[in-house]
>>> print(open('query24.cif').read())   # mmCIF, C-alpha atoms
data_coords
#
loop_
_atom_site.label_atom_id
_atom_site.label_comp_id
_atom_site.auth_asym_id
_atom_site.auth_seq_id
_atom_site.Cartn_x
_atom_site.Cartn_y
_atom_site.Cartn_z
CA MET J 232 -57.34 -36.40 -36.26
CA LYS J 233 -59.29 -37.55 -39.30
CA LYS J 234 -58.42 -36.45 -42.84
CA ILE J 235 -60.99 -34.23 -44.55
CA GLU J 236 -61.81 -37.00 -47.05
CA GLU J 237 -63.02 -39.16 -44.16
CA TYR J 238 -65.80 -36.66 -43.41
CA VAL J 239 -67.25 -36.86 -46.93
CA ARG J 240 -70.12 -39.30 -47.34
CA SER J 241 -70.06 -40.93 -50.76
CA ILE J 242 -73.41 -42.13 -52.06
CA PRO J 243 -73.26 -44.52 -55.03
CA ASP J 244 -75.75 -44.35 -57.90
CA PHE J 245 -77.14 -40.92 -56.99
CA PRO J 246 -78.69 -39.07 -58.74
CA GLU J 247 -78.34 -41.76 -61.40
CA PRO J 248 -76.59 -45.11 -61.85
CA GLY J 249 -72.82 -44.87 -62.15
CA ILE J 250 -72.53 -41.54 -60.33
CA ILE J 251 -70.96 -41.26 -56.87
CA PHE J 252 -72.50 -38.29 -55.07
CA ARG J 253 -70.03 -36.54 -52.72
CA ASP J 254 -72.15 -35.21 -49.85
CA VAL J 255 -70.87 -32.01 -48.25
CA THR J 256 -73.54 -32.12 -45.51
CA SER J 257 -71.62 -34.88 -43.74
CA ILE J 258 -68.75 -32.39 -43.28
CA LEU J 259 -71.11 -29.66 -42.05
CA GLN J 260 -72.75 -31.98 -39.51
CA ASP J 261 -69.46 -32.62 -37.70
CA ALA J 262 -67.85 -29.73 -35.81
CA ASP J 263 -64.35 -31.09 -36.41
CA GLY J 264 -65.07 -31.70 -40.10
CA LEU J 265 -66.45 -28.19 -40.57
CA ALA J 266 -63.49 -26.60 -38.79
CA LEU J 267 -61.04 -28.68 -40.82
CA ALA J 268 -62.76 -27.78 -44.11
CA ILE J 269 -62.62 -24.04 -43.31
CA ASP J 270 -58.99 -24.27 -42.18
CA LEU J 271 -57.86 -26.20 -45.25
CA MET J 272 -59.66 -23.86 -47.66
CA GLN J 273 -58.26 -20.83 -45.85
CA GLU J 274 -54.73 -22.28 -46.09
CA LYS J 275 -55.06 -22.10 -49.88
CA LEU J 276 -55.20 -18.30 -49.51
CA ARG J 277 -51.93 -17.99 -47.63
CA GLY J 278 -49.79 -15.35 -49.35
CA VAL J 279 -52.60 -14.22 -51.68
CA GLU J 280 -53.31 -10.48 -51.70
CA PHE J 281 -57.02 -9.77 -52.02
CA ASP J 282 -59.66 -7.27 -50.98
CA LEU J 283 -62.82 -9.34 -50.62
CA VAL J 284 -64.36 -12.80 -50.65
CA VAL J 285 -67.19 -13.72 -53.01
CA GLY J 286 -69.33 -16.82 -52.57
CA PRO J 287 -72.31 -18.13 -54.52
CA GLU J 288 -75.59 -19.12 -52.95
CA SER J 289 -75.77 -21.24 -50.89
CA ARG J 290 -72.77 -23.35 -49.99
CA GLY J 291 -70.37 -20.62 -51.04
CA PHE J 292 -71.94 -18.65 -48.19
CA ILE J 293 -71.31 -21.50 -45.74
CA PHE J 294 -67.59 -21.67 -46.47
CA GLY J 295 -66.93 -18.10 -47.64
CA VAL J 296 -68.31 -16.20 -44.64
CA PRO J 297 -66.12 -17.86 -41.98
CA ILE J 298 -63.05 -17.42 -44.16
CA ALA J 299 -63.89 -13.74 -44.74
CA TYR J 300 -64.49 -13.34 -41.00
CA ASN J 301 -61.22 -15.06 -40.04
CA LEU J 302 -59.23 -12.91 -42.47
CA HIS J 303 -61.17 -9.72 -41.69
CA LYS J 304 -62.34 -9.26 -45.29
CA PRO J 305 -65.78 -8.28 -46.62
CA PHE J 306 -68.02 -11.07 -47.95
CA ILE J 307 -70.01 -10.44 -51.13
CA PRO J 308 -72.89 -12.83 -51.93
CA ILE J 309 -73.69 -14.00 -55.42
CA ARG J 310 -77.39 -14.83 -55.55
CA LYS J 311 -79.91 -16.39 -57.87
CA LYS J 312 -81.89 -13.91 -59.95
CA GLY J 313 -84.42 -11.82 -58.05
CA LYS J 314 -83.00 -12.29 -54.54
CA LEU J 315 -81.00 -9.05 -54.14
CA PRO J 316 -82.88 -5.83 -53.26
CA CYS J 317 -80.65 -3.16 -54.84
CA GLU J 318 -79.46 -2.52 -58.39
CA THR J 319 -77.73 -5.63 -59.70
CA ALA J 320 -75.46 -6.86 -62.45
CA SER J 321 -76.33 -10.28 -63.79
CA VAL J 322 -75.00 -13.06 -65.96
CA LYS J 323 -76.85 -15.92 -67.64
CA TYR J 324 -75.10 -19.24 -68.10
CA GLU J 325 -75.78 -22.69 -69.43
CA LEU J 326 -76.70 -25.63 -67.25
CA GLU J 327 -76.87 -29.24 -68.34
CA TYR J 328 -80.62 -28.84 -68.93
CA GLY J 329 -81.36 -25.14 -69.48
CA THR J 330 -79.99 -21.86 -68.21
CA ALA J 331 -79.60 -20.03 -64.91
CA GLU J 332 -78.88 -16.45 -63.92
CA LEU J 333 -76.73 -15.08 -61.11
CA GLU J 334 -76.67 -11.55 -59.68
CA ILE J 335 -74.46 -9.32 -57.58
CA HIS J 336 -75.16 -5.83 -56.23
CA ARG J 337 -73.61 -3.31 -58.61
CA ASP J 338 -72.01 -1.46 -55.69
CA ALA J 339 -70.59 -4.62 -54.06
CA LEU J 340 -67.12 -4.14 -55.46
CA LYS J 341 -65.09 -1.36 -56.97
CA PRO J 342 -63.02 -1.53 -60.17
CA GLY J 343 -59.57 -2.88 -59.46
CA GLN J 344 -60.49 -4.75 -56.30
CA LYS J 345 -58.91 -8.18 -56.00
CA VAL J 346 -61.43 -10.95 -55.42
CA VAL J 347 -61.25 -14.51 -54.10
CA ILE J 348 -64.12 -16.88 -54.93
CA ILE J 349 -65.00 -19.58 -52.39
CA ASP J 350 -67.36 -22.48 -53.13
CA ASP J 351 -67.96 -26.04 -52.05
CA LEU J 352 -67.73 -27.90 -55.35
CA MET J 353 -66.38 -27.56 -58.85
CA ALA J 354 -68.00 -29.90 -61.31
CA THR J 355 -68.23 -28.61 -64.91
CA GLY J 356 -66.95 -25.14 -63.95
CA GLY J 357 -69.94 -23.35 -65.50
CA THR J 358 -71.12 -21.61 -62.34
CA ASN J 359 -67.64 -20.41 -61.48
CA GLU J 360 -67.03 -19.23 -65.02
CA ALA J 361 -70.23 -17.17 -64.79
CA ILE J 362 -69.14 -15.71 -61.43
CA VAL J 363 -65.78 -14.70 -62.91
CA LYS J 364 -67.56 -12.93 -65.79
CA LEU J 365 -69.84 -11.16 -63.34
CA ILE J 366 -66.95 -9.93 -61.20
CA GLU J 367 -64.94 -8.83 -64.22
CA SER J 368 -67.96 -7.00 -65.68
CA LEU J 369 -67.82 -4.74 -62.61
CA GLY J 370 -64.06 -4.22 -62.95
CA GLY J 371 -62.99 -6.69 -60.27
CA GLU J 372 -59.96 -8.95 -60.65
CA VAL J 373 -60.32 -12.62 -59.71
CA VAL J 374 -57.02 -13.58 -58.09
CA LYS J 375 -57.99 -17.05 -56.83
CA THR J 376 -60.81 -19.56 -56.64
CA VAL J 377 -60.90 -22.17 -53.88
CA PHE J 378 -63.18 -25.19 -53.77
CA LEU J 379 -63.56 -27.74 -51.02
CA MET J 380 -64.16 -30.53 -53.56
CA GLU J 381 -63.52 -30.97 -57.27
CA LEU J 382 -64.89 -33.61 -59.61
CA ALA J 383 -61.85 -33.65 -61.89
CA GLY J 384 -63.46 -36.03 -64.38
CA LEU J 385 -65.88 -33.26 -65.41
CA ASN J 386 -62.98 -31.01 -66.53
CA GLY J 387 -64.23 -27.84 -64.84
CA ARG J 388 -60.74 -26.35 -64.91
CA ASP J 389 -60.98 -26.12 -68.69
CA LYS J 390 -63.48 -23.25 -68.28
CA LEU J 391 -61.17 -21.49 -65.82
CA LYS J 392 -57.90 -21.52 -67.76
CA GLY J 393 -55.71 -18.59 -66.84
CA TYR J 394 -57.11 -18.39 -63.30
CA ASP J 395 -55.56 -19.65 -60.07
CA VAL J 396 -57.83 -22.55 -59.07
CA GLU J 397 -57.31 -24.87 -56.12
CA SER J 398 -59.35 -27.53 -54.43
CA VAL J 399 -58.84 -29.23 -51.09
CA ILE J 400 -60.13 -32.63 -52.30
CA SER J 401 -60.02 -33.79 -55.91
CA TYR J 402 -62.00 -36.84 -57.02
CA PRO J 403 -60.90 -38.33 -60.36
CA GLY J 404 -64.39 -39.26 -61.57
CA LYS J 405 -67.71 -37.55 -61.98
#
>>> encode(input="query24.cif", output="structure tokens")
Amino acid sequence: MKKIEEYVRSIPDFPEPGIIFRDVTSILQDADGLALAIDLMQEKLRGVEFDLVVGPESRGFIFGVPIAYNLHKPFIPIRKKGKLPCETASVKYELEYGTAELEIHRDALKPGQKVVIIDDLMATGGTNEAIVKLIESLGGEVVKTVFLMELAGLNGRDKLKGYDVESVISYPGK
């Protein structure tokens, strides 16, 4: 059996010179790679008590839904602004070049519920930090965040100090 790292396609000099792009689609395109990614992320939740899984659009959906299904937990989507039909709570956050806004249905979680966040990649940690704020604004408690990949050289964990953060694969660079 191959290691999960062997399923990741690394593309040098994309999107700019000096950057190595870690392509998650190469994992998704292989049934064994996808199954292994889900299994390894789910293992990071062993022994964690939680009520629901939250995942951001779109790759958080890809990995979060099967984990929620396997563990018989609800899945709550975090979407880009304007994509959810009911009353929402939102949070704006900074991107490298501008801002973005994420939303969750106001009735998606109840105060005191324990939440796990699942996503494909942690880079600078800004998106996950915004998701944590959104969950906490509704009274939820983030008990763990699991990423498939982490670009450790971008120091995303600095924005998530005090939270239980794990990644399956950690790359030292950007």
>>> closest_residue(input="query24.cif", among="J:Lys311, J:Lys405, J:His336, J:Arg240", to="Thr358 (chain J)", atoms="all atoms listed in the file")
J:Lys311
>>> closest_residue(input="query24.cif", among="J:Glu280, J:Asp395, J:Glu334, J:Asp270", to="Ser368 (chain J)", atoms="all atoms listed in the file")
J:Glu334
>>> closest_atom_pairs(input="query24.cif", of="region 245-323 of chain J", to="region 372-383 of chain J", cutoff="9 Å", atoms="only C-alpha atoms", output="CSV")
residue,atom,partner,partner_atom,distance
J:Arg253,CA,J:Met380,CA,8.4
J:Val255,CA,J:Met380,CA,8.7
J:Ala268,CA,J:Leu379,CA,7.0
J:Ile269,CA,J:Leu379,CA,8.6
J:Leu271,CA,J:Leu379,CA,8.3
J:Met272,CA,J:Leu379,CA,6.4
J:Gln273,CA,J:Val377,CA,8.6
J:Lys275,CA,J:Val377,CA,7.1
J:Leu276,CA,J:Lys375,CA,7.9
J:Val279,CA,J:Val374,CA,7.8
J:Glu280,CA,J:Val374,CA,8.0
J:Phe281,CA,J:Val374,CA,7.2
J:Gly291,CA,J:Phe378,CA,8.9
J:Phe294,CA,J:Leu379,CA,8.6
>>> write_last_selection(input="query24.cif", atoms="C-alpha atoms", output="short mmCIF file (atom, residue, chain, number, x, y, z; two decimals), in the frame of the given file")
data_model
loop_
_atom_site.label_atom_id
_atom_site.label_comp_id
_atom_site.auth_asym_id
_atom_site.auth_seq_id
_atom_site.Cartn_x
_atom_site.Cartn_y
_atom_site.Cartn_z
CA ARG J 253 -70.03 -36.54 -52.72
CA VAL J 255 -70.87 -32.01 -48.25
CA ALA J 268 -62.76 -27.78 -44.11
CA ILE J 269 -62.62 -24.04 -43.31
CA LEU J 271 -57.86 -26.20 -45.25
CA MET J 272 -59.66 -23.86 -47.66
CA GLN J 273 -58.26 -20.83 -45.85
CA LYS J 275 -55.06 -22.10 -49.88
CA LEU J 276 -55.20 -18.30 -49.51
CA VAL J 279 -52.60 -14.22 -51.68
CA GLU J 280 -53.31 -10.48 -51.70
CA PHE J 281 -57.02 -9.77 -52.02
CA GLY J 291 -70.37 -20.62 -51.04
CA PHE J 294 -67.59 -21.67 -46.47
#
>>> residues_around(input="query24.cif", residues="Thr319 (chain J)", least_positions_apart="5", cutoff="10 Å", atoms="only C-alpha atoms", output="PyMOL selection string")
chain J and resi 312-314+333-339
>>> closest_residue(input="query24.cif", among="J:Ile309, J:Lys364, J:Asn301, J:Tyr324", to="Glu288 (chain J)", atoms="only C-alpha atoms")
J:Ile309
>>> atom_distance(input="query24.cif", atom1="CA of Leu365 (chain J)", atom2="CA of Ala320 (chain J)")
7.1 Å
>>> atom_distance(input="query24.cif", atom1="CA of Pro305 (chain J)", atom2="CA of Val284 (chain J)")
6.2 Å
>>> resolve_selection(input="query24.cif", expression="the PyMOL selection byres ((chain J and resi 386) around 10)", output="VMD selection string")
chain J and resid 353 to 356 381 to 385 387 to 391 403 to 405
>>> atom_distance(input="query24.cif", atom1="CA of Gly278 (chain J)", atom2="CA of Asp350 (chain J)")
19.3 Å
>>> residues_around(input="query24.cif", residues="region 258-263 of chain J", least_positions_apart="3", cutoff="9 Å", atoms="only C-alpha atoms", output="PyMOL selection string")
chain J and resi 232-233+235+237-240+254-255+266-268+293
>>> resolve_selection(input="query24.cif", expression="the PyMOL selection byres ((chain J and resi 326) around 12)", output="list in words")
Lys323, Tyr324, Glu325, Glu327, Tyr328, Gly329, Thr330, Ala331, Glu332, Ala354, Thr355, Gly356, Gly357, Thr358, Asn359, Glu360 and Ala361 of chain J
>>> write_last_selection(input="query24.cif", atoms="C-alpha atoms", output="compact mmCIF listing (two decimals), in the coordinates of the input")
# COMPACT_ATOMS: atom_id res chain seq x y z
CA LYS J 323 -76.85 -15.92 -67.64
CA TYR J 324 -75.10 -19.24 -68.10
CA GLU J 325 -75.78 -22.69 -69.43
CA GLU J 327 -76.87 -29.24 -68.34
CA TYR J 328 -80.62 -28.84 -68.93
CA GLY J 329 -81.36 -25.14 -69.48
CA THR J 330 -79.99 -21.86 -68.21
CA ALA J 331 -79.60 -20.03 -64.91
CA GLU J 332 -78.88 -16.45 -63.92
CA ALA J 354 -68.00 -29.90 -61.31
CA THR J 355 -68.23 -28.61 -64.91
CA GLY J 356 -66.95 -25.14 -63.95
CA GLY J 357 -69.94 -23.35 -65.50
CA THR J 358 -71.12 -21.61 -62.34
CA ASN J 359 -67.64 -20.41 -61.48
CA GLU J 360 -67.03 -19.23 -65.02
CA ALA J 361 -70.23 -17.17 -64.79
>>> axis_aligned_box(input="query24.cif", around="region 349-367 of chain J", padding_each_side="8 Å", output="AutoDock Vina command-line options")
--center_x -68.0 --center_y -19.4 --center_z -58.9 --size_x 22.2 --size_y 37.1 --size_z 29.7
>>> build_atoms(input="query24.cif", residues="region 336-353 of chain J", atoms="N, CA and C atoms", output="PDB file, in the coordinates of the input")
ATOM      1  N   HIS J 336     -74.874  -7.268 -56.316  1.00  0.00           N
ATOM      2  CA  HIS J 336     -75.160  -5.830 -56.230  1.00  0.00           C
ATOM      3  C   HIS J 336     -74.102  -5.069 -57.015  1.00  0.00           C
ATOM      4  N   ARG J 337     -74.543  -4.095 -57.788  1.00  0.00           N
ATOM      5  CA  ARG J 337     -73.610  -3.310 -58.610  1.00  0.00           C
ATOM      6  C   ARG J 337     -72.563  -2.586 -57.764  1.00  0.00           C
ATOM      7  N   ASP J 338     -72.937  -2.204 -56.543  1.00  0.00           N
ATOM      8  CA  ASP J 338     -72.010  -1.460 -55.690  1.00  0.00           C
ATOM      9  C   ASP J 338     -71.215  -2.366 -54.741  1.00  0.00           C
ATOM     10  N   ALA J 339     -71.249  -3.678 -54.972  1.00  0.00           N
ATOM     11  CA  ALA J 339     -70.590  -4.620 -54.060  1.00  0.00           C
ATOM     12  C   ALA J 339     -69.077  -4.589 -54.158  1.00  0.00           C
ATOM     13  N   LEU J 340     -68.572  -4.225 -55.316  1.00  0.00           N
ATOM     14  CA  LEU J 340     -67.120  -4.140 -55.460  1.00  0.00           C
ATOM     15  C   LEU J 340     -66.781  -2.971 -56.369  1.00  0.00           C
ATOM     16  N   LYS J 341     -65.563  -2.502 -56.205  1.00  0.00           N
ATOM     17  CA  LYS J 341     -65.090  -1.360 -56.970  1.00  0.00           C
ATOM     18  C   LYS J 341     -64.086  -1.838 -58.026  1.00  0.00           C
ATOM     19  N   PRO J 342     -64.010  -1.143 -59.161  1.00  0.00           N
ATOM     20  CA  PRO J 342     -63.020  -1.530 -60.170  1.00  0.00           C
ATOM     21  C   PRO J 342     -61.621  -1.610 -59.569  1.00  0.00           C
ATOM     22  N   GLY J 343     -60.928  -2.674 -59.941  1.00  0.00           N
ATOM     23  CA  GLY J 343     -59.570  -2.880 -59.460  1.00  0.00           C
ATOM     24  C   GLY J 343     -59.454  -3.708 -58.192  1.00  0.00           C
ATOM     25  N   GLN J 344     -60.575  -3.942 -57.510  1.00  0.00           N
ATOM     26  CA  GLN J 344     -60.490  -4.750 -56.300  1.00  0.00           C
ATOM     27  C   GLN J 344     -60.163  -6.198 -56.653  1.00  0.00           C
ATOM     28  N   LYS J 345     -59.340  -6.794 -55.806  1.00  0.00           N
ATOM     29  CA  LYS J 345     -58.910  -8.180 -56.000  1.00  0.00           C
ATOM     30  C   LYS J 345     -59.863  -9.093 -55.225  1.00  0.00           C
ATOM     31  N   VAL J 346     -60.352 -10.115 -55.930  1.00  0.00           N
ATOM     32  CA  VAL J 346     -61.430 -10.950 -55.420  1.00  0.00           C
ATOM     33  C   VAL J 346     -60.991 -12.409 -55.347  1.00  0.00           C
ATOM     34  N   VAL J 347     -61.395 -13.067 -54.257  1.00  0.00           N
ATOM     35  CA  VAL J 347     -61.250 -14.510 -54.100  1.00  0.00           C
ATOM     36  C   VAL J 347     -62.657 -15.098 -54.119  1.00  0.00           C
ATOM     37  N   ILE J 348     -62.840 -16.181 -54.879  1.00  0.00           N
ATOM     38  CA  ILE J 348     -64.120 -16.880 -54.930  1.00  0.00           C
ATOM     39  C   ILE J 348     -63.996 -18.158 -54.112  1.00  0.00           C
ATOM     40  N   ILE J 349     -64.973 -18.383 -53.239  1.00  0.00           N
ATOM     41  CA  ILE J 349     -65.000 -19.580 -52.390  1.00  0.00           C
ATOM     42  C   ILE J 349     -66.292 -20.341 -52.683  1.00  0.00           C
ATOM     43  N   ASP J 350     -66.174 -21.652 -52.929  1.00  0.00           N
ATOM     44  CA  ASP J 350     -67.360 -22.480 -53.130  1.00  0.00           C
ATOM     45  C   ASP J 350     -67.067 -23.904 -52.669  1.00  0.00           C
ATOM     46  N   ASP J 351     -68.132 -24.683 -52.548  1.00  0.00           N
ATOM     47  CA  ASP J 351     -67.960 -26.040 -52.050  1.00  0.00           C
ATOM     48  C   ASP J 351     -67.486 -27.020 -53.103  1.00  0.00           C
ATOM     49  N   LEU J 352     -67.955 -26.858 -54.348  1.00  0.00           N
ATOM     50  CA  LEU J 352     -67.730 -27.900 -55.350  1.00  0.00           C
ATOM     51  C   LEU J 352     -67.521 -27.312 -56.733  1.00  0.00           C
ATOM     52  N   MET J 353     -66.511 -27.838 -57.424  1.00  0.00           N
ATOM     53  CA  MET J 353     -66.380 -27.560 -58.850  1.00  0.00           C
ATOM     54  C   MET J 353     -66.661 -28.848 -59.593  1.00  0.00           C
TER      55      MET J 353
END
